[in-house]
$ cat model-v1.txt   # compact mmCIF, C-alpha atoms and all ligand atoms
# COMPACT_ATOMS: atom_id res chain seq x y z
CA MET A 3 97.33 111.55 91.55
CA LYS A 4 100.34 113.19 89.95
CA ILE A 5 103.84 112.03 90.86
CA ASP A 6 104.60 115.28 92.80
CA GLU A 7 101.54 114.66 94.95
CA LEU A 8 103.26 111.66 96.55
CA GLN A 9 105.23 114.19 98.60
CA VAL A 10 102.08 116.16 99.44
CA PHE A 11 100.44 113.00 100.79
CA LYS A 12 103.54 112.14 102.82
CA GLN A 13 103.76 115.61 104.33
CA SER A 14 100.05 115.89 105.08
CA ALA A 15 99.95 112.30 106.45
CA GLU A 16 97.01 111.47 104.18
CA LYS A 17 97.18 107.73 103.48
CA ILE A 18 97.67 106.61 99.88
CA THR A 19 95.41 103.93 98.36
CA CYS A 20 96.66 101.51 95.73
CA LEU A 21 95.05 98.52 94.01
CA THR A 22 96.33 96.26 91.27
CA ALA A 23 94.56 96.18 87.90
CA TYR A 24 95.22 94.17 84.78
CA ASP A 25 92.52 95.43 82.38
CA SER A 26 90.71 98.64 81.46
CA SER A 27 87.34 97.73 83.01
CA PHE A 28 88.83 97.40 86.48
CA SER A 29 91.20 100.35 86.08
CA GLN A 30 88.30 102.60 85.02
CA LEU A 31 86.26 101.49 88.03
CA PHE A 32 89.15 102.03 90.47
CA ASP A 33 89.93 105.40 88.89
CA GLU A 34 86.31 106.58 89.10
CA CYS A 35 86.10 105.51 92.74
CA GLY A 36 89.20 107.62 93.50
CA VAL A 37 91.93 105.05 94.11
CA ASP A 38 95.18 107.08 94.18
CA ILE A 39 97.53 104.58 92.50
CA ILE A 40 96.80 101.71 90.14
CA LEU A 41 99.53 99.08 89.90
CA VAL A 42 99.84 96.71 86.98
CA GLY A 43 101.39 94.06 89.19
CA ASP A 44 103.24 91.04 87.95
CA SER A 45 100.86 89.27 90.34
CA LEU A 46 99.00 88.85 87.03
CA GLY A 47 101.18 85.74 86.75
CA ASN A 48 99.14 84.28 89.61
CA VAL A 49 95.68 85.78 89.27
CA ILE A 50 95.37 86.08 85.48
CA GLN A 51 97.69 83.38 84.16
CA GLY A 52 97.17 80.84 86.94
CA GLY A 53 100.90 80.44 87.57
CA GLU A 54 102.37 79.20 90.84
CA ASN A 55 104.49 82.35 91.08
CA THR A 56 105.35 85.48 89.09
CA LEU A 57 108.51 84.12 87.46
CA GLY A 58 106.85 83.29 84.14
CA VAL A 59 105.59 86.84 83.46
CA THR A 60 107.26 88.45 80.43
CA MET A 61 107.82 92.03 79.26
CA GLU A 62 105.28 91.39 76.49
CA ASP A 63 102.68 90.40 79.14
CA MET A 64 103.41 93.56 81.15
CA ILE A 65 103.21 95.80 78.07
CA TYR A 66 99.90 94.29 76.95
CA HIS A 67 98.29 94.68 80.41
CA THR A 68 99.79 98.16 80.96
CA GLN A 69 98.33 99.34 77.64
CA SER A 70 94.92 97.94 78.63
CA VAL A 71 94.97 99.45 82.14
CA ALA A 72 96.16 102.86 80.86
CA LYS A 73 93.04 103.17 78.69
CA GLY A 74 90.81 103.15 81.77
CA ILE A 75 92.66 105.80 83.79
CA LYS A 76 92.04 109.55 84.01
CA ASP A 77 93.36 110.58 87.43
CA ALA A 78 95.17 107.75 89.18
CA LEU A 79 98.94 107.32 89.02
CA LEU A 80 99.79 104.28 86.90
CA ILE A 81 102.73 102.13 88.03
CA ALA A 82 103.81 99.03 86.10
CA ASP A 83 105.94 96.19 87.42
CA MET A 84 109.13 95.17 85.70
CA PRO A 85 108.97 91.37 85.45
CA TYR A 86 111.53 88.76 86.49
CA GLN A 87 114.91 89.11 84.74
CA SER A 88 113.92 92.33 82.94
CA TYR A 89 116.31 94.50 85.02
CA ASP A 90 119.43 92.37 85.35
CA ASN A 91 121.77 95.15 84.17
CA ALA A 92 121.53 98.90 83.66
CA LYS A 93 121.16 98.90 79.88
CA GLN A 94 118.43 96.27 79.92
CA THR A 95 116.65 98.07 82.79
CA LEU A 96 116.55 101.36 80.89
CA ALA A 97 115.30 99.77 77.67
CA ASN A 98 112.57 97.76 79.41
CA ALA A 99 111.48 100.62 81.69
CA GLN A 100 111.14 102.85 78.62
CA ARG A 101 108.92 100.21 76.96
CA LEU A 102 106.58 100.27 79.98
CA ILE A 103 106.50 104.08 79.95
CA ASP A 104 105.70 103.98 76.21
CA ALA A 105 102.88 101.54 77.05
CA GLY A 106 101.31 104.15 79.36
CA ALA A 107 102.96 103.68 82.77
CA GLN A 108 103.99 106.83 84.63
CA MET A 109 106.36 104.95 86.95
CA VAL A 110 107.97 101.51 86.97
CA LYS A 111 108.47 99.23 89.97
CA PHE A 112 111.05 96.56 90.51
CA GLU A 113 112.04 94.35 93.41
CA GLY A 114 115.31 94.46 95.34
CA GLY A 115 117.82 96.72 97.04
CA GLN A 116 121.40 97.86 96.68
CA GLU A 117 122.34 94.95 94.40
CA HIS A 118 120.42 96.86 91.71
CA LYS A 119 122.32 100.13 92.21
CA ASP A 120 123.18 100.51 88.50
CA SER A 121 119.56 99.97 87.48
CA PHE A 122 118.24 102.56 89.95
CA LYS A 123 120.92 105.07 88.94
CA ILE A 124 120.38 104.76 85.19
CA LEU A 125 116.65 105.35 85.62
CA GLN A 126 117.38 108.35 87.85
CA THR A 127 119.76 109.79 85.20
CA ASN A 128 117.13 109.28 82.51
CA ASN A 129 114.27 110.76 84.59
CA ILE A 130 112.20 107.57 84.66
CA PRO A 131 110.23 107.55 87.92
CA VAL A 132 110.72 104.44 90.04
CA CYS A 133 108.88 102.67 92.85
CA GLY A 134 111.04 100.31 94.92
CA HIS A 135 109.87 97.01 96.46
CA LEU A 136 111.55 95.62 99.61
CA GLY A 137 110.70 92.97 102.19
CA LEU A 138 109.14 89.89 100.63
CA GLN A 139 110.07 89.91 96.95
CA PRO A 140 107.85 87.41 95.11
CA GLN A 141 110.30 87.21 92.17
CA SER A 142 112.85 85.80 94.67
CA VAL A 143 110.41 83.35 96.26
CA ILE A 144 112.72 80.41 95.56
CA GLU A 145 115.81 82.09 97.10
CA MET A 146 113.70 83.31 100.04
CA GLY A 147 112.44 79.78 100.69
CA GLY A 148 108.76 80.64 100.22
CA TYR A 149 106.38 83.51 100.93
CA LYS A 150 107.76 84.39 104.37
CA VAL A 151 107.79 87.50 106.52
CA GLN A 152 111.10 89.35 106.05
CA GLY A 153 113.15 91.51 108.43
CA LYS A 154 112.33 89.55 111.58
CA ASP A 155 115.90 89.51 112.94
CA GLU A 156 118.23 92.43 113.55
CA VAL A 157 120.53 91.77 110.57
CA SER A 158 117.76 91.42 107.97
CA ALA A 159 115.85 94.38 109.45
CA LYS A 160 119.00 96.54 109.16
CA LYS A 161 119.43 95.46 105.53
CA ILE A 162 115.87 96.57 104.72
CA ILE A 163 116.48 99.96 106.38
CA ASP A 164 119.85 100.41 104.60
CA ASP A 165 118.33 99.40 101.25
CA ALA A 166 115.40 101.80 101.74
CA LEU A 167 117.74 104.72 102.46
CA ALA A 168 119.91 103.86 99.45
CA LEU A 169 116.89 103.65 97.14
CA GLU A 170 115.67 107.04 98.33
CA ALA A 171 119.14 108.51 97.65
CA TRP A 172 119.03 107.02 94.13
CA GLY A 173 115.81 108.85 93.31
CA VAL A 174 113.15 106.25 94.05
CA GLN A 175 109.90 108.15 94.60
CA THR A 176 107.86 105.64 96.56
CA LEU A 177 108.54 102.25 98.12
CA VAL A 178 106.41 99.12 98.50
CA LEU A 179 107.12 97.20 101.73
CA GLU A 180 105.75 93.66 101.57
CA CYS A 181 105.37 91.29 104.51
CA VAL A 182 107.58 92.91 107.11
CA PRO A 183 106.86 93.37 110.82
CA ALA A 184 104.68 96.43 111.44
CA ALA A 185 107.27 97.93 113.81
CA LEU A 186 109.99 97.74 111.14
CA ALA A 187 107.71 99.25 108.47
CA LYS A 188 106.97 102.12 110.86
CA GLN A 189 110.69 102.69 111.42
CA VAL A 190 111.38 102.68 107.65
CA SER A 191 108.43 105.00 106.96
CA GLN A 192 109.68 107.47 109.58
CA ALA A 193 113.25 107.35 108.25
CA LEU A 194 112.26 108.16 104.66
CA SER A 195 110.98 111.37 103.12
CA ILE A 196 109.31 109.37 100.31
CA PRO A 197 106.06 107.52 101.04
CA THR A 198 105.99 103.79 101.79
CA ILE A 199 103.11 101.65 100.56
CA GLY A 200 102.56 98.57 102.65
CA ILE A 201 101.14 95.14 101.97
CA GLY A 202 101.30 93.04 105.10
CA ALA A 203 103.41 95.78 106.68
CA GLY A 204 101.05 97.35 109.22
CA VAL A 205 99.03 100.52 109.47
CA ASP A 206 101.95 102.94 109.86
CA CYS A 207 103.03 102.80 106.22
CA ASP A 208 102.12 105.93 104.26
CA GLY A 209 99.75 103.96 102.05
CA GLN A 210 98.33 100.49 101.45
CA VAL A 211 98.18 98.23 98.41
CA LEU A 212 96.22 95.02 97.87
CA VAL A 213 95.89 92.68 94.93
CA SER A 214 92.40 93.55 93.66
CA TYR A 215 91.43 89.91 93.05
CA ASP A 216 92.20 89.19 96.73
CA MET A 217 90.29 92.17 98.15
CA LEU A 218 87.27 91.35 95.96
CA GLY A 219 87.27 87.71 97.03
CA ILE A 220 87.85 86.47 93.47
CA ASN A 221 91.00 84.68 94.51
CA THR A 222 90.24 82.42 97.46
CA GLN A 223 93.31 80.18 97.51
CA HIS A 224 96.35 80.50 99.78
CA LEU A 225 95.36 83.91 101.09
CA PRO A 226 97.93 85.50 103.40
CA ARG A 227 96.76 87.04 106.68
CA PHE A 228 97.15 90.60 105.35
CA VAL A 229 94.30 90.16 102.85
CA LYS A 230 90.81 91.42 103.64
CA ASN A 231 87.82 90.61 101.45
CA PHE A 232 86.07 93.99 101.15
CA LEU A 233 83.25 92.60 98.99
CA LYS A 234 81.96 90.39 101.80
CA ASP A 235 80.23 93.22 103.67
CA ASN A 236 79.34 95.28 100.61
CA ASN A 237 76.72 94.79 97.91
CA ASP A 238 78.81 95.45 94.85
CA ILE A 239 82.33 96.05 93.58
CA GLN A 240 82.05 99.85 93.83
CA GLY A 241 80.97 99.45 97.46
CA ALA A 242 83.97 97.23 98.17
CA ILE A 243 86.40 99.69 96.55
CA ASN A 244 84.91 102.62 98.47
CA ALA A 245 85.13 100.62 101.71
CA PHE A 246 88.80 99.87 101.01
CA ILE A 247 89.53 103.55 100.32
CA MET A 248 87.75 104.68 103.48
CA ALA A 249 89.38 102.00 105.67
CA VAL A 250 92.86 102.97 104.46
CA LYS A 251 92.25 106.71 104.78
CA GLU A 252 90.85 106.43 108.31
CA GLN A 253 93.48 103.80 109.22
CA SER A 254 91.06 101.07 110.25
CA PHE A 255 92.77 98.80 107.69
CA PRO A 256 95.11 97.02 108.15
CA GLY A 257 94.27 95.96 111.69
CA ASN A 258 96.52 93.94 113.97
CA GLU A 259 94.94 90.78 112.59
CA HIS A 260 96.32 91.70 109.11
CA SER A 261 99.80 92.58 110.38
CA TYR A 262 102.92 90.80 111.62
O1 LIG A 301 102.62 92.29 91.72
C1 LIG A 301 101.95 92.85 92.61
O2 LIG A 301 100.73 92.82 92.62
C2 LIG A 301 102.67 93.57 93.64
C3 LIG A 301 101.91 93.98 94.85
C4 LIG A 301 101.62 92.81 95.67
C5 LIG A 301 102.60 95.03 95.61
O3 LIG A 301 103.85 93.78 93.53
$ encode --input "model-v1.txt" --output "structure tokens"
Amino acid sequence: MKIDELQVFKQSAEKITCLTAYDSSFSQLFDECGVDIILVGDSLGNVIQGGENTLGVTMEDMIYHTQSVAKGIKDALLIADMPYQSYDNAKQTLANAQRLIDAGAQMVKFEGGQEHKDSFKILQTNNIPVCGHLGLQPQSVIEMGGYKVQGKDEVSAKKIIDDALALEAWGVQTLVLECVPAALAKQVSQALSIPTIGIGAGVDCDGQVLVSYDMLGINTQHLPRFVKNFLKDNNDIQGAINAFIMAVKEQSFPGNEHSY
């Protein structure tokens, strides 16, 4: 997928598939199976490094894994996460985003809304493509009081909608919505002209992302309700990836049982 195709998918209502990868073997497999977007998530802090959260992930970690993942990709769009405290001000954001682009990412993702206005704007001015991330923000797990569904009341739902509209105005090209009620994710997706990619955000997002280690049943601890193990009913990893792609495209995943 090329960056301009995000708009084509949105307009044609074809659902976008996204999986996380941290190494070239998995990224090559996902790419060959036809996954649209591969995300080098800072979830590597949990699934690769065994951390309790993503707060210990460094820029050096992200660069190393982005370089590895980039080697396996021919067609998929490669997005890399900016880790905790790597985008605290505009100058730092630009320098760190450029390092991820130099490592092979085509787009960078970071968590948060209008409080990061200067960071979004400097990347827009410098033509660095950005994916936003609203709803549950794992890098703010301590402030949020745990891994909880966000946007359940009117005030917090309005903040998510306002943030989403601001991010779109500041040039963000796609937006991850994590752990928000399905009805709110639908409202945000309809309000935006950029595609939303949901995780625990219901079937009406424009695409779906899962942490690959969760959807392959490698990680079995503390699984949230939005996770589905696609390997369980398939014989091999390729079968599981193809089942994920098909389920997202035909909108049988996520079901109500995976949504809030
Ligand atoms: O780090 C990650 O894997 C992510 C996804 C859960 C969206 O941000």
$ closest_residue --input "model-v1.txt" --among "A:Glu170, A:Asp38, A:Asp235, A:Asp83" --to "A:Glu16" --atoms "only C-alpha atoms"
A:Asp38
$ residues_around --input "model-v1.txt" --residues "A:Asn258" --least-positions-apart "3" --cutoff "9 Å" --atoms "all atoms listed in the file" --output "list in words"
Ala184, Gly204, Val205, Phe255, Ser261 and Tyr262 of chain A
$ residues_near_ligand --input "model-v1.txt" --ligand "ligand LIG 301 (chain A)" --cutoff "6 Å" --atoms "only C-alpha atoms and all ligand atoms" --output "list in words"
Thr22, Gly43, Asp44, Ser45 and Val213 of chain A
$ closest_residue --input "model-v1.txt" --among "A:Leu194, A:Ile81, A:Ile65, A:Leu179" --to "A:Ala105" --atoms "all atoms listed in the file"
A:Ile65
$ closest_residue --input "model-v1.txt" --among "A:Ala187, A:Leu57, A:Val178, A:Met146" --to "A:Gln210" --atoms "only C-alpha atoms"
A:Val178
$ atom_distance --input "model-v1.txt" --atom1 "atom CA of A:Asn236" --atom2 "atom CA of A:Thr68"
28.5 Å
$ residues_around --input "model-v1.txt" --residues "A:Asn55" --least-positions-apart "2" --cutoff "9 Å" --atoms "all atoms listed in the file" --output "ChimeraX atom specification"
/A:45,47-48,52-53,57-59,140-141,143
$ write_last_selection --input "model-v1.txt" --atoms "C-alpha atoms" --output "PDB file, in the frame of the given file"
ATOM      1  CA  SER A  45     100.860  89.270  90.340  1.00  0.00           C
ATOM      2  CA  GLY A  47     101.180  85.740  86.750  1.00  0.00           C
ATOM      3  CA  ASN A  48      99.140  84.280  89.610  1.00  0.00           C
ATOM      4  CA  GLY A  52      97.170  80.840  86.940  1.00  0.00           C
ATOM      5  CA  GLY A  53     100.900  80.440  87.570  1.00  0.00           C
ATOM      6  CA  LEU A  57     108.510  84.120  87.460  1.00  0.00           C
ATOM      7  CA  GLY A  58     106.850  83.290  84.140  1.00  0.00           C
ATOM      8  CA  VAL A  59     105.590  86.840  83.460  1.00  0.00           C
ATOM      9  CA  PRO A 140     107.850  87.410  95.110  1.00  0.00           C
ATOM     10  CA  GLN A 141     110.300  87.210  92.170  1.00  0.00           C
ATOM     11  CA  VAL A 143     110.410  83.350  96.260  1.00  0.00           C
TER      12      VAL A 143
END
$ closest_atom_pairs --input "model-v1.txt" --of "stretch 131-237 of chain A" --to "stretch 33-37 of chain A" --cutoff "12 Å" --atoms "all atoms listed in the file" --output "Markdown table"
| residue | atom | partner | partner_atom | distance |
| --- | --- | --- | --- | --- |
| A:Gly209 | CA | A:Val37 | CA | 11.2 |
| A:Gln210 | CA | A:Val37 | CA | 10.8 |
| A:Val211 | CA | A:Val37 | CA | 10.2 |
| A:Leu212 | CA | A:Val37 | CA | 11.5 |
| A:Ser214 | CA | A:Val37 | CA | 11.5 |
$ closest_residue --input "model-v1.txt" --among "A:Ile199, A:Ser88, A:Gln253, A:Lys188" --to "A:Ile18" --atoms "only C-alpha atoms"
A:Ile199
$ closest_residue --input "model-v1.txt" --among "A:Leu233, A:Ile124, A:Cys20, A:Ile247" --to "A:Ala92" --atoms "only C-alpha atoms"
A:Ile124
$ atom_distance --input "model-v1.txt" --atom1 "atom CA of A:Val71" --atom2 "atom CA of A:Ser195"
29.0 Å
$ residues_around --input "model-v1.txt" --residues "A:Leu136" --least-positions-apart "2" --cutoff "7 Å" --atoms "only C-alpha atoms" --output "list in words"
Glu113, Gly114, Gly115, Gly134, Leu138, Gln139, Ile162, Val178, Leu179 and Glu180 of chain A
$ write_last_selection --input "model-v1.txt" --atoms "C-alpha atoms" --output "PDB file, in the coordinates of the input"
ATOM      1  CA  GLU A 113     112.040  94.350  93.410  1.00  0.00           C
ATOM      2  CA  GLY A 114     115.310  94.460  95.340  1.00  0.00           C
ATOM      3  CA  GLY A 115     117.820  96.720  97.040  1.00  0.00           C
ATOM      4  CA  GLY A 134     111.040 100.310  94.920  1.00  0.00           C
ATOM      5  CA  LEU A 138     109.140  89.890 100.630  1.00  0.00           C
ATOM      6  CA  GLN A 139     110.070  89.910  96.950  1.00  0.00           C
ATOM      7  CA  ILE A 162     115.870  96.570 104.720  1.00  0.00           C
ATOM      8  CA  VAL A 178     106.410  99.120  98.500  1.00  0.00           C
ATOM      9  CA  LEU A 179     107.120  97.200 101.730  1.00  0.00           C
ATOM     10  CA  GLU A 180     105.750  93.660 101.570  1.00  0.00           C
TER      11      GLU A 180
END
$ residues_around --input "model-v1.txt" --residues "A:Ile103" --least-positions-apart "4" --cutoff "12 Å" --atoms "all atoms listed in the file" --output "CSV table (one decimal) with C-alpha atoms, in the frame of the given file"
chain,number,residue,atom,x,y,z
A,64,MET,CA,103.4,93.6,81.2
A,65,ILE,CA,103.2,95.8,78.1
A,68,THR,CA,99.8,98.2,81.0
A,69,GLN,CA,98.3,99.3,77.6
A,72,ALA,CA,96.2,102.9,80.9
A,80,LEU,CA,99.8,104.3,86.9
A,81,ILE,CA,102.7,102.1,88.0
A,82,ALA,CA,103.8,99.0,86.1
A,83,ASP,CA,105.9,96.2,87.4
A,84,MET,CA,109.1,95.2,85.7
A,96,LEU,CA,116.6,101.4,80.9
A,97,ALA,CA,115.3,99.8,77.7
A,98,ASN,CA,112.6,97.8,79.4
A,99,ALA,CA,111.5,100.6,81.7
A,107,ALA,CA,103.0,103.7,82.8
A,108,GLN,CA,104.0,106.8,84.6
A,109,MET,CA,106.4,105.0,87.0
A,110,VAL,CA,108.0,101.5,87.0
A,111,LYS,CA,108.5,99.2,90.0
A,125,LEU,CA,116.6,105.4,85.6
A,129,ASN,CA,114.3,110.8,84.6
A,130,ILE,CA,112.2,107.6,84.7
A,131,PRO,CA,110.2,107.6,87.9
A,132,VAL,CA,110.7,104.4,90.0
$ build_atoms --input "model-v1.txt" --residues "stretch 121-137 of chain A" --atoms "N, CA, C and O atoms" --output "mmCIF file, keeping the file's coordinate frame"
data_model
loop_
_atom_site.group_PDB
_atom_site.id
_atom_site.type_symbol
_atom_site.label_atom_id
_atom_site.label_comp_id
_atom_site.auth_asym_id
_atom_site.auth_seq_id
_atom_site.Cartn_x
_atom_site.Cartn_y
_atom_site.Cartn_z
ATOM 1 N N SER A 121 120.888 99.833 88.098
ATOM 2 C CA SER A 121 119.560 99.970 87.480
ATOM 3 C C SER A 121 118.829 101.200 88.031
ATOM 4 O O SER A 121 118.238 101.978 87.283
ATOM 5 N N PHE A 122 118.897 101.377 89.368
ATOM 6 C CA PHE A 122 118.240 102.560 89.950
ATOM 7 C C PHE A 122 118.884 103.830 89.402
ATOM 8 O O PHE A 122 118.189 104.783 89.023
ATOM 9 N N LYS A 123 120.217 103.837 89.326
ATOM 10 C CA LYS A 123 120.920 105.070 88.940
ATOM 11 C C LYS A 123 120.672 105.429 87.480
ATOM 12 O O LYS A 123 120.512 106.598 87.144
ATOM 13 N N ILE A 124 120.582 104.431 86.613
ATOM 14 C CA ILE A 124 120.380 104.760 85.190
ATOM 15 C C ILE A 124 118.963 105.316 84.975
ATOM 16 O O ILE A 124 118.760 106.220 84.156
ATOM 17 N N LEU A 125 118.009 104.819 85.758
ATOM 18 C CA LEU A 125 116.650 105.350 85.620
ATOM 19 C C LEU A 125 116.576 106.770 86.181
ATOM 20 O O LEU A 125 115.907 107.641 85.627
ATOM 21 N N GLN A 126 117.326 107.001 87.274
ATOM 22 C CA GLN A 126 117.380 108.350 87.850
ATOM 23 C C GLN A 126 117.982 109.326 86.825
ATOM 24 O O GLN A 126 117.428 110.394 86.554
ATOM 25 N N THR A 127 119.093 108.926 86.192
ATOM 26 C CA THR A 127 119.760 109.790 85.200
ATOM 27 C C THR A 127 118.844 110.090 84.025
ATOM 28 O O THR A 127 118.878 111.163 83.442
ATOM 29 N N ASN A 128 118.005 109.114 83.681
ATOM 30 C CA ASN A 128 117.130 109.280 82.510
ATOM 31 C C ASN A 128 115.712 109.737 82.878
ATOM 32 O O ASN A 128 114.802 109.665 82.044
ATOM 33 N N ASN A 129 115.561 110.202 84.131
ATOM 34 C CA ASN A 129 114.270 110.760 84.590
ATOM 35 C C ASN A 129 113.098 109.807 84.426
ATOM 36 O O ASN A 129 111.998 110.227 84.059
ATOM 37 N N ILE A 130 113.329 108.527 84.657
ATOM 38 C CA ILE A 130 112.200 107.570 84.660
ATOM 39 C C ILE A 130 111.836 107.315 86.121
ATOM 40 O O ILE A 130 112.648 106.810 86.899
ATOM 41 N N PRO A 131 110.620 107.703 86.512
ATOM 42 C CA PRO A 131 110.230 107.550 87.920
ATOM 43 C C PRO A 131 110.151 106.077 88.343
ATOM 44 O O PRO A 131 109.682 105.226 87.577
ATOM 45 N N VAL A 132 110.612 105.823 89.558
ATOM 46 C CA VAL A 132 110.720 104.440 90.040
ATOM 47 C C VAL A 132 110.064 104.266 91.406
ATOM 48 O O VAL A 132 110.198 105.111 92.292
ATOM 49 N N CYS A 133 109.387 103.132 91.554
ATOM 50 C CA CYS A 133 108.880 102.670 92.850
ATOM 51 C C CYS A 133 109.724 101.455 93.237
ATOM 52 O O CYS A 133 109.883 100.535 92.437
ATOM 53 N N GLY A 134 110.272 101.460 94.444
ATOM 54 C CA GLY A 134 111.040 100.310 94.920
ATOM 55 C C GLY A 134 110.106 99.259 95.534
ATOM 56 O O GLY A 134 108.900 99.490 95.701
ATOM 57 N N HIS A 135 110.668 98.104 95.855
ATOM 58 C CA HIS A 135 109.870 97.010 96.460
ATOM 59 C C HIS A 135 110.813 96.183 97.332
ATOM 60 O O HIS A 135 111.671 95.470 96.813
ATOM 61 N N LEU A 136 110.686 96.334 98.651
ATOM 62 C CA LEU A 136 111.550 95.620 99.610
ATOM 63 C C LEU A 136 110.707 94.744 100.533
ATOM 64 O O LEU A 136 109.482 94.835 100.545
ATOM 65 N N GLY A 137 111.399 93.938 101.338
ATOM 66 C CA GLY A 137 110.700 92.970 102.190
ATOM 67 C C GLY A 137 110.557 91.691 101.390
ATOM 68 O O GLY A 137 111.486 91.273 100.685
#
